[in-house]
Each structure stands twice: as structure tokens, then as C-alpha cells.
>>> print(open('query_14.cif').read())   # mmCIF, C-alpha atoms and all ligand atoms
data_entry
loop_
_atom_site.label_atom_id
_atom_site.label_comp_id
_atom_site.auth_asym_id
_atom_site.auth_seq_id
_atom_site.Cartn_x
_atom_site.Cartn_y
_atom_site.Cartn_z
CA MET A 1 18.66 25.39 27.58
CA ASN A 2 22.33 24.62 27.01
CA SER A 3 23.56 23.44 30.42
CA ALA A 4 24.67 19.84 30.93
CA PRO A 5 21.91 17.35 31.78
CA ARG A 6 21.30 16.60 35.43
CA PRO A 7 21.12 12.81 35.94
CA LEU A 8 17.76 11.19 36.51
CA VAL A 9 18.38 9.55 39.88
CA ASP A 10 15.85 7.84 42.13
CA ARG A 11 15.89 7.56 45.91
CA PHE A 12 17.87 4.32 45.72
CA GLY A 13 20.65 6.00 43.76
CA ARG A 14 19.78 4.33 40.45
CA VAL A 15 20.69 6.57 37.52
CA HIS A 16 18.29 6.29 34.59
CA THR A 17 19.93 6.55 31.18
CA ASP A 18 17.77 4.23 29.05
CA LEU A 19 14.40 5.30 27.61
CA ARG A 20 11.98 2.83 26.01
CA VAL A 21 9.48 4.51 23.75
CA SER A 22 6.42 2.64 22.54
CA LEU A 23 5.37 3.97 19.14
CA THR A 24 2.10 2.07 18.86
CA ASP A 25 0.16 -0.57 20.76
CA ARG A 26 -0.92 -2.20 17.48
CA CYS A 27 0.58 -5.33 16.05
CA ASN A 28 0.39 -7.50 12.96
CA LEU A 29 0.99 -10.68 14.99
CA ARG A 30 -0.89 -12.13 17.97
CA CYS A 31 1.75 -13.98 19.97
CA THR A 32 -0.03 -16.23 22.42
CA TYR A 33 2.07 -15.08 25.41
CA CYS A 34 1.34 -11.43 24.57
CA MET A 35 -2.14 -10.94 23.08
CA PRO A 36 -5.47 -12.72 22.71
CA ALA A 37 -6.41 -13.99 19.23
CA GLU A 38 -8.80 -11.08 18.82
CA GLY A 39 -10.77 -8.51 20.74
CA LEU A 40 -7.99 -6.32 22.07
CA ALA A 41 -9.02 -2.66 21.70
CA TRP A 42 -6.37 -0.30 20.33
CA LEU A 43 -5.63 3.11 21.77
CA PRO A 44 -7.66 5.81 19.95
CA GLY A 45 -5.53 7.63 17.38
CA ALA A 46 -6.07 11.06 18.96
CA GLU A 47 -4.50 9.80 22.17
CA LEU A 48 -1.28 8.71 20.49
CA LEU A 49 1.68 11.04 20.55
CA GLY A 50 2.54 12.55 17.20
CA ASP A 51 6.11 12.64 15.91
CA ASP A 52 6.70 16.19 17.14
CA GLU A 53 5.53 15.22 20.61
CA VAL A 54 7.74 12.13 20.72
CA VAL A 55 10.74 14.14 19.55
CA ARG A 56 10.11 16.85 22.11
CA LEU A 57 9.97 14.34 24.97
CA VAL A 58 13.12 12.60 23.76
CA ARG A 59 14.84 15.97 23.51
CA ILE A 60 13.92 16.74 27.12
CA ALA A 61 15.10 13.26 28.14
CA VAL A 62 18.47 13.63 26.40
CA ARG A 63 19.24 17.30 27.00
CA ARG A 64 17.87 17.70 30.52
CA LEU A 65 17.74 14.23 32.07
CA GLY A 66 20.85 12.54 30.72
CA ILE A 67 19.14 9.76 28.76
CA ARG A 68 21.77 8.11 26.54
CA SER A 69 19.93 5.31 24.80
CA VAL A 70 16.47 5.18 23.26
CA ARG A 71 14.79 1.91 22.31
CA LEU A 72 11.77 2.11 20.02
CA THR A 73 9.22 -0.59 20.59
CA GLY A 74 5.49 -1.31 20.78
CA GLY A 75 3.22 -3.11 19.80
CA GLU A 76 4.99 -3.40 16.49
CA PRO A 77 7.04 -0.23 15.89
CA LEU A 78 7.51 -0.95 12.17
CA LEU A 79 3.77 -0.28 11.81
CA ARG A 80 4.37 3.36 12.71
CA ARG A 81 4.05 5.50 9.60
CA GLY A 82 7.13 7.49 8.73
CA LEU A 83 9.34 5.54 11.13
CA PRO A 84 12.63 6.33 9.31
CA GLY A 85 11.91 10.06 9.59
CA LEU A 86 11.21 9.75 13.30
CA VAL A 87 14.37 7.69 13.81
CA ARG A 88 16.36 10.35 12.00
CA ARG A 89 15.02 13.11 14.26
CA ILE A 90 15.66 11.10 17.43
CA ALA A 91 19.15 10.03 16.36
CA ALA A 92 20.01 13.68 15.61
CA LEU A 93 19.50 14.39 19.33
CA GLY A 94 22.47 12.15 20.07
CA PRO A 95 21.35 8.98 21.90
CA GLU A 96 22.04 5.46 20.73
CA VAL A 97 18.82 4.37 18.99
CA SER A 98 17.67 0.76 18.84
CA LEU A 99 14.49 -1.03 17.83
CA THR A 100 12.63 -4.09 19.12
CA THR A 101 10.54 -5.61 16.35
CA ASN A 102 8.90 -8.80 15.22
CA GLY A 103 10.86 -8.36 11.99
CA ILE A 104 7.89 -8.26 9.61
CA GLY A 105 8.63 -5.55 7.08
CA LEU A 106 12.23 -5.21 8.24
CA ALA A 107 13.56 -6.62 4.97
CA ARG A 108 12.09 -3.58 3.23
CA THR A 109 13.16 -0.98 5.77
CA ALA A 110 16.42 -2.10 7.40
CA ALA A 111 18.76 -0.18 5.10
CA GLU A 112 16.67 2.99 5.29
CA LEU A 113 16.49 2.75 9.08
CA LYS A 114 20.24 2.27 9.27
CA SER A 115 20.89 5.33 7.16
CA ALA A 116 18.41 7.28 9.32
CA GLY A 117 20.67 6.61 12.31
CA LEU A 118 19.31 3.39 13.84
CA HIS A 119 22.13 1.54 15.57
CA ARG A 120 20.78 -1.88 16.53
CA VAL A 121 17.76 -4.18 16.34
CA ASN A 122 16.30 -6.97 18.42
CA VAL A 123 14.06 -9.28 16.42
CA SER A 124 11.61 -11.65 18.07
CA LEU A 125 11.64 -15.24 16.87
CA ASP A 126 10.48 -18.05 19.16
CA THR A 127 10.88 -21.02 16.85
CA LEU A 128 12.53 -22.08 13.60
CA ARG A 129 9.59 -24.22 12.49
CA PRO A 130 7.04 -22.58 10.21
CA GLU A 131 3.98 -24.44 11.55
CA ARG A 132 4.99 -23.77 15.11
CA TYR A 133 5.65 -20.11 14.32
CA ALA A 134 2.16 -19.85 12.86
CA ALA A 135 0.71 -21.46 16.00
CA ILE A 136 2.61 -19.18 18.40
CA THR A 137 2.03 -15.92 16.52
CA ARG A 138 -1.27 -16.93 14.90
CA ARG A 139 0.13 -15.69 11.57
CA ASP A 140 2.07 -17.54 8.87
CA ARG A 141 4.93 -15.04 8.56
CA ILE A 142 8.17 -16.77 9.50
CA ALA A 143 9.70 -16.20 6.04
CA ASP A 144 9.34 -12.43 6.53
CA VAL A 145 11.18 -12.67 9.85
CA PHE A 146 14.07 -14.64 8.35
CA ALA A 147 14.30 -12.08 5.54
CA GLY A 148 14.14 -9.20 8.02
CA LEU A 149 16.93 -10.65 10.13
CA ALA A 150 19.19 -11.09 7.13
CA ALA A 151 18.44 -7.57 5.90
CA ALA A 152 19.23 -6.11 9.33
CA ARG A 153 22.55 -7.92 9.42
CA ASP A 154 23.40 -6.90 5.87
CA ALA A 155 22.51 -3.28 6.66
CA GLY A 156 24.99 -3.30 9.55
CA LEU A 157 22.44 -3.00 12.38
CA ALA A 158 24.84 -4.89 14.61
CA PRO A 159 24.65 -6.82 16.77
CA VAL A 160 21.36 -8.25 15.51
CA LYS A 161 19.82 -9.92 18.53
CA VAL A 162 17.13 -12.58 18.35
CA ASN A 163 14.65 -12.62 21.25
CA ALA A 164 12.76 -15.79 22.13
CA VAL A 165 10.30 -16.44 24.94
CA PRO A 166 10.45 -20.16 25.74
CA VAL A 167 7.16 -21.65 26.88
CA ARG A 168 6.94 -25.13 28.35
CA GLY A 169 5.55 -27.66 25.93
CA VAL A 170 5.51 -25.11 23.10
CA ASN A 171 9.09 -24.32 22.03
CA ASP A 172 11.29 -25.37 24.95
CA ASP A 173 12.78 -28.13 22.81
CA GLU A 174 14.31 -25.51 20.49
CA LEU A 175 16.74 -23.76 22.82
CA VAL A 176 19.84 -25.39 21.30
CA PRO A 177 18.63 -25.12 17.66
CA LEU A 178 17.87 -21.41 18.13
CA VAL A 179 21.39 -20.77 19.46
CA GLU A 180 22.87 -22.73 16.54
CA PHE A 181 20.72 -20.82 14.06
CA ALA A 182 21.81 -17.47 15.50
CA ALA A 183 25.49 -18.43 15.55
CA GLU A 184 25.36 -19.68 11.99
CA HIS A 185 23.82 -16.44 10.68
CA GLY A 186 25.79 -13.97 12.76
CA TYR A 187 22.98 -13.05 15.19
CA ARG A 188 23.03 -13.13 18.98
CA MET A 189 20.45 -15.27 20.75
CA ARG A 190 18.64 -14.11 23.89
CA PHE A 191 16.03 -15.97 25.87
CA ILE A 192 13.43 -14.08 27.90
CA GLU A 193 11.48 -15.59 30.79
CA SER A 194 7.79 -15.18 30.15
CA MET A 195 6.22 -12.55 32.35
CA PRO A 196 2.68 -11.93 33.62
CA LEU A 197 2.12 -9.15 31.10
CA ASP A 198 -0.06 -10.81 28.47
CA ALA A 199 -3.20 -8.89 27.62
CA GLN A 200 -5.50 -11.83 28.36
CA GLY A 201 -4.15 -12.50 31.88
CA ALA A 202 -3.43 -16.16 31.11
CA TRP A 203 0.20 -16.22 32.29
CA ASP A 204 0.94 -19.43 34.14
CA ARG A 205 4.12 -19.65 36.17
CA ALA A 206 4.24 -23.41 35.58
CA ARG A 207 4.62 -22.84 31.82
CA MET A 208 7.43 -20.32 32.22
CA VAL A 209 10.83 -21.78 31.36
CA THR A 210 13.21 -20.43 33.99
CA ALA A 211 16.74 -19.16 33.49
CA ASP A 212 18.03 -22.19 35.40
CA GLU A 213 16.23 -24.49 33.00
CA ILE A 214 17.48 -22.59 29.95
CA LEU A 215 21.05 -22.72 31.20
CA ALA A 216 20.73 -26.40 32.07
CA ALA A 217 19.51 -27.22 28.56
CA LEU A 218 22.30 -25.22 26.91
CA GLY A 219 24.84 -26.47 29.46
CA ALA A 220 24.01 -30.06 28.54
CA ARG A 221 25.16 -29.30 25.01
CA TRP A 222 28.00 -26.82 25.52
CA GLU A 223 30.29 -25.50 28.20
CA LEU A 224 29.01 -22.03 29.07
CA LEU A 225 31.31 -19.34 30.41
CA PRO A 226 29.82 -16.28 32.10
CA THR A 227 31.06 -13.25 30.21
CA GLY A 228 30.80 -11.01 33.23
CA ARG A 229 28.93 -8.41 31.28
CA ALA A 230 25.38 -7.57 30.44
CA ALA A 231 24.00 -7.20 26.95
CA GLY A 232 24.63 -3.76 25.55
CA GLU A 233 27.69 -3.02 27.68
CA GLU A 234 30.79 -2.18 25.75
CA GLY A 235 33.79 -4.38 26.43
CA ALA A 236 33.62 -7.75 28.10
CA GLY A 237 34.66 -8.32 31.66
CA PRO A 238 37.00 -11.18 32.50
CA ALA A 239 35.58 -14.46 31.24
CA GLY A 240 34.40 -16.62 34.09
CA SER A 241 34.17 -13.73 36.52
CA GLY A 242 30.45 -14.36 36.93
CA ARG A 243 29.83 -10.66 37.51
CA ARG A 244 26.18 -9.86 37.00
CA GLY A 245 26.71 -6.54 35.23
CA THR A 246 23.94 -4.08 34.54
CA PRO A 247 20.52 -5.26 33.39
CA PRO A 248 18.85 -6.86 31.67
CA ALA A 249 20.59 -9.89 30.10
CA GLU A 250 23.13 -12.14 31.72
CA GLU A 251 25.42 -13.27 28.95
CA TRP A 252 27.27 -16.53 28.47
CA ARG A 253 29.89 -17.49 25.91
CA ILE A 254 30.08 -20.99 24.50
CA ALA A 255 33.57 -22.27 25.32
CA GLY A 256 35.90 -22.38 22.35
CA THR A 257 33.69 -20.11 20.24
CA ASP A 258 32.74 -16.45 20.11
CA THR A 259 29.04 -17.32 20.35
CA VAL A 260 27.30 -15.40 23.11
CA VAL A 261 23.86 -16.21 24.53
CA GLY A 262 21.82 -13.91 26.74
CA VAL A 263 19.19 -14.80 29.32
CA ILE A 264 16.76 -12.22 30.64
CA ALA A 265 15.37 -13.59 33.86
CA SER A 266 13.01 -10.86 35.01
CA VAL A 267 10.99 -13.29 37.08
CA THR A 268 13.46 -15.64 38.75
CA ARG A 269 16.51 -13.35 38.87
CA PRO A 270 15.11 -9.83 39.00
CA PHE A 271 17.63 -7.11 38.23
CA CYS A 272 15.66 -4.24 39.75
CA GLY A 273 18.62 -3.14 41.88
CA GLY A 274 20.49 -2.08 38.75
CA CYS A 275 17.52 -0.81 36.75
CA ASP A 276 18.35 2.20 34.58
CA ARG A 277 15.12 2.30 32.54
CA VAL A 278 12.17 4.52 32.14
CA ARG A 279 9.29 3.95 29.73
CA LEU A 280 7.03 6.12 27.67
CA THR A 281 3.83 4.63 26.30
CA ALA A 282 2.48 5.46 22.85
CA ASP A 283 -0.17 7.67 24.49
CA GLY A 284 2.37 9.70 26.39
CA GLN A 285 2.28 8.10 29.82
CA LEU A 286 5.53 7.80 31.70
CA ARG A 287 6.13 4.56 33.58
CA ASN A 288 8.98 4.14 36.02
CA CYS A 289 8.80 0.33 35.78
CA LEU A 290 7.49 -2.31 33.38
CA PHE A 291 5.35 -3.51 36.29
CA ALA A 292 4.30 -0.09 37.60
CA THR A 293 0.63 0.29 38.47
CA GLU A 294 0.79 4.08 38.19
CA GLU A 295 1.73 6.38 35.33
CA SER A 296 2.51 10.08 34.88
CA ASP A 297 0.58 11.86 32.18
CA LEU A 298 3.16 13.71 30.08
CA ARG A 299 0.74 13.99 27.17
CA ALA A 300 -1.50 16.24 29.26
CA LEU A 301 1.47 18.51 29.96
CA LEU A 302 2.42 18.50 26.28
CA ARG A 303 -1.09 19.42 25.21
CA ASP A 304 -2.43 21.67 27.93
CA GLY A 305 -1.41 24.79 26.03
CA ASP A 306 0.76 25.74 28.97
CA GLY A 307 3.26 23.11 27.95
CA GLY A 308 4.19 25.16 24.88
CA GLY A 309 7.37 24.50 22.97
CA ASP A 310 9.32 26.78 25.23
CA ASP A 311 11.83 26.39 27.96
CA GLU A 312 9.25 26.86 30.67
CA GLY A 313 7.06 24.08 29.30
CA ASP A 314 10.07 21.80 28.98
CA ALA A 315 11.02 22.58 32.59
CA ARG A 316 7.53 21.58 33.71
CA ILE A 317 7.76 18.28 31.87
CA GLU A 318 11.25 17.71 33.28
CA ALA A 319 9.92 18.27 36.81
CA ALA A 320 7.07 15.78 36.27
CA TRP A 321 9.56 13.27 34.91
CA ARG A 322 11.86 13.65 37.92
CA ALA A 323 8.88 13.32 40.29
CA ALA A 324 7.85 10.08 38.56
CA ILE A 325 11.32 8.63 39.03
CA ALA A 326 11.46 9.83 42.64
CA GLY A 327 8.39 7.65 43.25
CA LYS A 328 9.98 4.51 41.79
CA GLY A 329 9.86 1.51 44.12
CA PRO A 330 12.76 -0.83 44.88
CA GLY A 331 11.50 -3.70 42.72
CA HIS A 332 8.58 -5.43 41.08
CA ALA A 333 8.04 -8.40 43.43
CA ILE A 334 6.51 -10.80 40.89
CA GLY A 335 5.89 -13.91 42.87
CA ALA A 336 5.36 -12.09 46.17
CA ALA A 337 1.92 -12.59 47.71
CA GLY A 338 0.72 -9.03 47.09
CA PHE A 339 1.92 -8.73 43.46
CA VAL A 340 -0.55 -6.79 41.34
CA ARG A 341 -0.34 -6.99 37.55
CA PRO A 342 -0.21 -3.65 35.76
CA ALA A 343 -3.46 -2.70 34.05
CA ARG A 344 -1.71 -2.35 30.67
CA PRO A 345 -0.38 -5.39 28.85
CA MET A 346 3.18 -5.54 27.52
CA SER A 347 2.00 -4.63 24.01
CA ALA A 348 0.60 -1.32 25.27
CA ILE A 349 3.48 -0.55 27.65
CA GLY A 350 6.25 -1.24 25.17
CA GLY A 351 8.33 -4.37 25.75
N1 LIG A 401 6.42 -6.42 18.57
C1 LIG A 401 7.80 -6.29 18.90
C2 LIG A 401 8.41 -7.65 19.18
O1 LIG A 401 7.69 -8.62 19.32
O2 LIG A 401 9.63 -7.71 19.28
C3 LIG A 401 8.07 -5.36 20.05
C4 LIG A 401 7.14 -5.42 21.22
S1 LIG A 401 7.16 -6.93 22.12
C5 LIG A 401 6.00 -6.58 23.39
C6 LIG A 401 8.77 -6.85 22.87
C7 LIG A 401 9.30 -8.14 23.43
O3 LIG A 401 8.47 -8.54 24.49
C8 LIG A 401 9.36 -9.27 22.45
O4 LIG A 401 10.66 -9.83 22.45
C9 LIG A 401 8.36 -10.26 23.00
O5 LIG A 401 8.74 -11.58 22.74
C10 LIG A 401 8.37 -9.93 24.46
N2 LIG A 401 7.17 -10.32 25.17
C11 LIG A 401 5.88 -10.12 24.84
N3 LIG A 401 5.05 -10.62 25.78
C12 LIG A 401 5.84 -11.13 26.74
C13 LIG A 401 5.60 -11.77 27.98
N4 LIG A 401 4.38 -11.99 28.42
N5 LIG A 401 6.66 -12.17 28.72
C14 LIG A 401 7.93 -11.95 28.29
N6 LIG A 401 8.22 -11.34 27.13
C15 LIG A 401 7.19 -10.94 26.37
FE1 LIG A 402 3.10 -8.32 18.57
FE2 LIG A 402 5.49 -8.30 19.72
FE3 LIG A 402 3.27 -8.87 21.17
FE4 LIG A 402 4.10 -10.62 19.36
S1 LIG A 402 5.24 -9.97 21.19
S2 LIG A 402 1.98 -9.90 19.62
S3 LIG A 402 4.95 -9.31 17.78
S4 LIG A 402 3.77 -6.95 20.24
#
>>> encode(input="query_14.cif", output="C-alpha cells", more="lines below")
Ligand code: SAM
Ligand code: SF4
Amino acid sequence: MNSAPRPLVDRFGRVHTDLRVSLTDRCNLRCTYCMPAEGLAWLPGAELLGDDEVVRLVRIAVRRLGIRSVRLTGGEPLLRRGLPGLVRRIAALGPEVSLTTNGIGLARTAAELKSAGLHRVNVSLDTLRPERYAAITRRDRIADVFAGLAAARDAGLAPVKVNAVPVRGVNDDELVPLVEFAAEHGYRMRFIESMPLDAQGAWDRARMVTADEILAALGARWELLPTGRAAGEEGAGPAGSGRRGTPPAEEWRIAGTDTVVGVIASVTRPFCGGCDRVRLTADGQLRNCLFATEESDLRALLRDGDGGGDDEGDARIEAAWRAAIAGKGPGHAIGAAGFVRPARPMSAIGG
């Protein structure tokens, strides 16, 4: 099929151009806000999409549905065997390709990933203190993360963003130090409100550090100017305009510097009205929202023999994809009385 893609629009007029692909639900860390210490069952290997299947779905997304950016995530996507080869095949299809990772192993692979066509990375780091890192992630690996960050920067995977989830009484005293660390090393700091997506169901709203609290803590130290743009957008809007921009991060610049800080406030400032995302799990289930309680089984279409590698099979998958987006609701309503957590945790959806 050579015709131009037809945009993936839902009934609220939201155009979907960003695809998040989870490459595995496995991880080499056990962050307390994400997974239990042990006992989380992994998806069986036979259920995971192979590289050819992932590439085929991305090709359909790019060529037929107008997807322009692909973020690879997990679980820990660096655990996926042959990742540089997969990145190369996805990048060859034309979208911007980025990666969300805990950074372990990135020191070894950053340059290879860059030359395979990876554009950007987000690296998770919730604290600068080794003992605290070991307590949060239940693994003593902070040195690997520092090395991975530096390697990503040196490889030109810019901008290197650092993601932190502040949790009350755990690392909420490190908001300013994390921003200083990022500025000093040429990274961009982003804070993410913790969400009720941990595998053990222990999320506690009272321990979530809200965007207001994050901005108050940073605002006590620096003058913050709204950049008027969202993370990932090209070109800043007028400083001080306060425009929300497209999701997910609201960005702020520290006055008198070029340091930019992002805040992703999925819980207290939901950005559902501007959502342009669709998600594919490692076992081939399409999700129209991080908080969706229903999924569309694209793996079944890929594997039913009818799916084939042909145009007709691709058209069938495209139709299922459009139907899934047509069923997308207006928003996630965390905090509303009837909110139901999705059955899958963040690590199995792809954060
Ligand atoms: N393992 C990779 C990593 O940690 O970056 C990629 C997957 S992880 C699920 C993606 C992002 O989700 C990370 O930045 C992580 O901090 C964040 N995350 C995990 N659990 C979360 C939760 N319950 N609430 C908010 N963010 C969460
Ligand atoms: Fe692993 Fe990322 Fe979850 Fe931490 S947040 S346990 S690194 S998937």
C-alpha cells in the first residue's frame, strides 16, 4: 500500500501520532512504586511478539495510521535481546524512535543504539544517594545508571531526560538536588506524579507528591517561568505564556538559565483532552489508554494465519486498530468514585 496514511482520530477529534511499544514486561530492578519485591509472574515467552511481529505492527502504524513517534519501553527494554537490530528496523520505517529505560546496561549500548537510529532516551533515576537508590529499586545499581546517562549524552541521544517519581517521605527532599544534578550534566529533569499502576496495588494517594508540591519546592529555590510548551515539542512558545501545550509534561525554565524542568501530572492535572497516544503491550495487545480496562488483541490477528504478511491482513489489523481508538473514552478519571485500576500493572503495559 503506497497511499498516504489516514490519521488515527477518535470520536473526540484527538489525532493519535505517538505509539508506545512495550518490548518486555521483565525488569532487572524492583522499584517499590512499580513492582513487588518478588512473586510477579512474567508473560510466557510464546505470548510475546517477536521482532518481525513488532516491526509489522509499527509498519502498519506508520504507513497506514500516521504514527510519527515510537517510544520503546517495558518492563526494561534494554533486556530485549537484539534491541539495536529492532531499533534499526523500526527507525528505517521513518518515525522518531525513543527509549524509556532504567539505564542499566545503557553505558554498553548507547552508541550502538544511536547508530541504529535511536533519537532520544529517558532514564529513570529517583535519587542521587546510593543507599536510597538501593532501597527504592531494591538493587544496588546506581553507578550503572550514572554511567548509562553519561554514555547516552556522549552518544548524542539528546535531550537525555531523567525521570523521577517523587514519593512522600522517600525522596521528596531531593527535588532541587535532582534538578541541579541534571543541569550540571546536561540532562533534562522531569518529575512524574506516582500513579495507581503498581503491580502490588499499594498506591496511596497520600504518598503521591503532587505537581503543586513539586512546583512549590522548586519555586522556593528558583524563579520558574512556564515555557508554554510540552516536552517533545519542537520550538518553545513565548516564555511566560503559560500555555499548556500537548501532553504529557508541562515544562518550566529556571529564570536566568537555560535549565528546563518538566512535570507530568497525570493524576492532579490530567491531560486526557490532548492525548495523542496509543500503546502496544509486549504480548501484542493494543491499549487506547494507560488506564484502559479493555484491550484489542492484535497478536491474534497477526497469528491467525489469516493475518498473513499481505495487504489484506494489514488492512484487517488497521481496521481493528481504528476500532480500538474509536472506543477510546474522554479521560481516565483517577480520583473519581468509580475509578477502576487496569488489570495490568505499568510494567506490563509499558510506561
Ligand atoms: N524500566 C524502564 C524505566 O524504569 O524507565 C521503563 C518502564 S517504567 C514502567 C517507565 C516509567 O514509569 C519510569 O519512568 C518509571 O519511573 C515510571 N513508573 C513506574 N511505576 C510508576 C507509577 N506507579 N507511577 C508513576 N510512574 C511510574
Ligand atoms: Fe523496572 Fe522501570 Fe518498573 Fe523500575 S519503574 S521496576 S526499572 S519497569
>>> closest_residue(input="query_14.cif", among="A:Asp18, A:Glu213, A:Asp276, A:Asp25", to="ligand LIG 402 (chain A)", atoms="all atoms listed in the file")
A:Asp25
>>> residues_near_ligand(input="query_14.cif", ligand="ligand LIG 402 (chain A)", cutoff="6 Å", atoms="all atoms listed in the file", output="PDB file with C-alpha atoms, in the frame of the given file")
ATOM      1  CA  CYS A  27       0.580  -5.330  16.050  1.00  0.00           C
ATOM      2  CA  LEU A  29       0.990 -10.680  14.990  1.00  0.00           C
ATOM      3  CA  ARG A  30      -0.890 -12.130  17.970  1.00  0.00           C
ATOM      4  CA  CYS A  31       1.750 -13.980  19.970  1.00  0.00           C
ATOM      5  CA  CYS A  34       1.340 -11.430  24.570  1.00  0.00           C
ATOM      6  CA  MET A  35      -2.140 -10.940  23.080  1.00  0.00           C
ATOM      7  CA  GLY A  74       5.490  -1.310  20.780  1.00  0.00           C
ATOM      8  CA  GLY A  75       3.220  -3.110  19.800  1.00  0.00           C
ATOM      9  CA  GLU A  76       4.990  -3.400  16.490  1.00  0.00           C
ATOM     10  CA  ASN A 102       8.900  -8.800  15.220  1.00  0.00           C
ATOM     11  CA  SER A 347       2.000  -4.630  24.010  1.00  0.00           C
TER      12      SER A 347
END
>>> residues_near_ligand(input="query_14.cif", ligand="ligand LIG 401 (chain A)", cutoff="8 Å", atoms="only C-alpha atoms and all ligand atoms", output="ChimeraX atom specification")
/A:27,29,31,33-35,73-77,100-103,122-126,163-165,192-198,203,346-351
>>> residues_around(input="query_14.cif", residues="Arg153 (chain A)", least_positions_apart="2", cutoff="12 Å", atoms="all atoms listed in the file", output="NGL selection string")
:A and (103 or 106-107 or 110-111 or 114 or 119-123 or 146-151 or 155-162 or 182 or 185-188)
>>> closest_residue(input="query_14.cif", among="A:Leu302, A:Leu43, A:Val176, A:Leu23", to="Arg81 (chain A)", atoms="only C-alpha atoms")
A:Leu23
>>> atom_distance(input="query_14.cif", atom1="CA of Val97 (chain A)", atom2="CA of Ser3 (chain A)")
22.7 Å
>>> atom_distance(input="query_14.cif", atom1="CA of Arg14 (chain A)", atom2="CA of Leu280 (chain A)")
18.1 Å
>>> atom_distance(input="query_14.cif", atom1="CA of Arg89 (chain A)", atom2="CA of Val55 (chain A)")
6.9 Å
